[in-house]
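*Asks:* Below is the structure I would like to discuss, written out as structure tokens.
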Amino acid sequence: MLPRYYSYTQFEDYLQKILHALNGTVLQDLIIGKSVLQRPIYGLKFGSGKVRVLAWSQMHGNESATTRAICELLKRSDLDYLLEDIELYIIPILNPDGAENWTRVNANNVDLNRDAVLLSQPESIVLRKVCDDFQPHYCFNLHGQRSMYGSLNGSTPAQLSFLAPSGDQKKSLSVARIKAMRVINSINTNLNHRVDGIIGRYKDDFNRNCVGDFMMNSHVPTVLFEAGHSGADYSRDKVSMLVYQALVIALKSVGTNQILDADVVSAYESIPEMSTAYVDILIKNVPTPIGNRHLSIQYHEQVREGELYFIPILIGVNREDVLNGHRVIDLLGHHHFKNDLIVEGSFEIHSESLNIKIFAN
Ligand SMILES: [Zn+2]
């Protein structure tokens, strides 16, 4: 599997190997456009089934888990039977410059998921042209979310989450929206037991500048996938495999006709909403001259010389909105702590005795 961070040329080499192994299955493997910095954007078309599905990933450059999941899908044999019912168009990385530099935005500092109406960026225009030409029956909008998401009470992290976006301000339950909900329900039912934490549901406030909302506004059922974080999965290897499984379930589900009734909506609404209650490390009861304090620490991700580093940053003291950490250290009754917590200028925090340090992935 690709690692969490890969350079764009690393990705291109990997993709070429996959396409070579697929020999013949791919109807097209094309450069469909160029990024701001003139990197090629790839579009791959497979199958000739009746239901057309368009999936794009890494429109946010620092969200690689879903691209890795797509590569898994292409490497395995699932495609053979899935393609009996569907025609699949995949844009594995929509934002090559962001992927190379590990940034959410593109090289012009624009969030491509806020550019659906303006189409101010070459990458946005590429996606729109594919939508117009391919006329998908379904869209899968593939993303990764930060490690802050969990259940509302903060007891469990959200390892995966989904949204059937609204297509208008009234958040109408259009046919397109219910179709997207049905896909999500199918993933939730079949994958819930494998998830370490919860499968969460995103808020459905309408913003036409977001691609999913825009597509839904154009009556194309669109499913937002978000690969999340759980435990020590900083490589996001585990969640990438879950997303791959979710893709197989979703593709199977869109290929079959099922009933769209009120049960679809209630099943969808029973998927738990999320809060942003998690930090990477929560240190409780740190002794200070003014009493014990709880420290919230979040990893800042940075690519240096081709490697992804996680830098622990102090983001708050006694924050009431922080309910939990992927790692919780309570210093009450902690025997190994040597009072060696150091906070540096940019709020980088270190402690040898608590093993809090920068690490590479
Ligand atoms: Zn994203």
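Lettering and numbering for the structure tokens are positional, with chains as A, B, ... in the shown order, residues counted from 1 in each chain, and ligands counted from 1 in the shown order.
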Apply DSSP to the structure's backbone, then extract all residues of stretch 284-348 of chain A labelled strand (DSSP E) and return them as a ChimeraX atom specification.
*Replies:* /A:284-288,291-304,307-317,324-330,342-343
*Asks:* Around ligand 1, out to 10 Å and counting only C-alpha atoms and all ligand atoms, which residues are there? I want them as a ChimeraX atom specification.
*Replies:* /A:57-64,104-105,111-113,141-146,224-227
*Asks:* Could you name the residues that touch stretch 72-78 of chain A at 7 Å or less, counting only C-alpha atoms, but leaving out those on the same chain fewer than 3 positions away, as number ranges by chain?
*Replies:* A: 18, 68-69, 81-82, 244
*Asks:* Give me every helix (DSSP H, G or I) residue in stretch 142-267 of chain A, going by DSSP on the backbone, as a PyMOL selection string.
*Replies:* chain A and resi 175-194+211-217+237-254+262-267
*Asks:* List as a PyMOL selection string the protein and nucleic acid residues near A:Tyr89, meaning an atom at most 8 Å away when only C-alpha atoms are counted, but skip any in the same chain fewer than 3 places from it.
*Replies:* chain A and resi 43-46+52-55
*Asks:* List as a ChimeraX atom specification the protein and nucleic acid residues near A:Cys71, meaning an atom at most 10 Å away when only C-alpha atoms are counted, but skip any in the same chain fewer than 6 places from it.
*Replies:* /A:1-2,11,14-15,18-19,65,92,240,244
*Asks:* Generate the output file for the selected residues, C-alpha atoms, as a compact mmCIF listing (two decimals), in the first residue's frame.
*Replies:*
# COMPACT_ATOMS: atom_id res chain seq x y z
CA MET A 1 0.00 0.00 0.00
CA LEU A 2 1.15 3.56 -0.57
CA PHE A 11 2.01 8.16 -6.93
CA TYR A 14 2.50 3.35 -8.38
CA LEU A 15 -0.49 4.09 -10.62
CA ILE A 18 -1.50 -0.85 -11.10
CA LEU A 19 -2.67 0.01 -14.61
CA ALA A 65 -6.39 7.76 2.75
CA PRO A 92 -7.51 9.48 -8.02
CA SER A 240 -7.56 3.27 4.24
CA TYR A 244 -11.63 0.47 0.42
*Asks:* In Å, with one decimal, what is the gap from atom CA of A:Asn190 to atom CA of A:Gly47?
*Replies:*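 Separation of atom CA of A:Asn190 and atom CA of A:Gly47: 24.4 Å.
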*Asks:* I'd like the neighbourhood of A:Phe214 as JSON, numbers by chain, where a residue qualifies if any of its atoms comes within 12 Å (using only C-alpha atoms), though same-chain residues fewer than 3 positions away should be ignored.
*Replies:* {"A": [113, 114, 115, 116, 117, 118, 119, 128, 131, 139, 141, 164, 165, 166, 167, 168, 169, 206, 207, 208, 209, 210, 211, 217, 218, 219, 220, 221, 222]}
*Asks:* What's the 8 Å shell around stretch 325-337 of chain A, counting only C-alpha atoms, without same-chain residues fewer than 3 positions away, as a VMD selection string?
*Replies:* chain A and resid 157 230 to 232 278 to 286 340 353 to 354
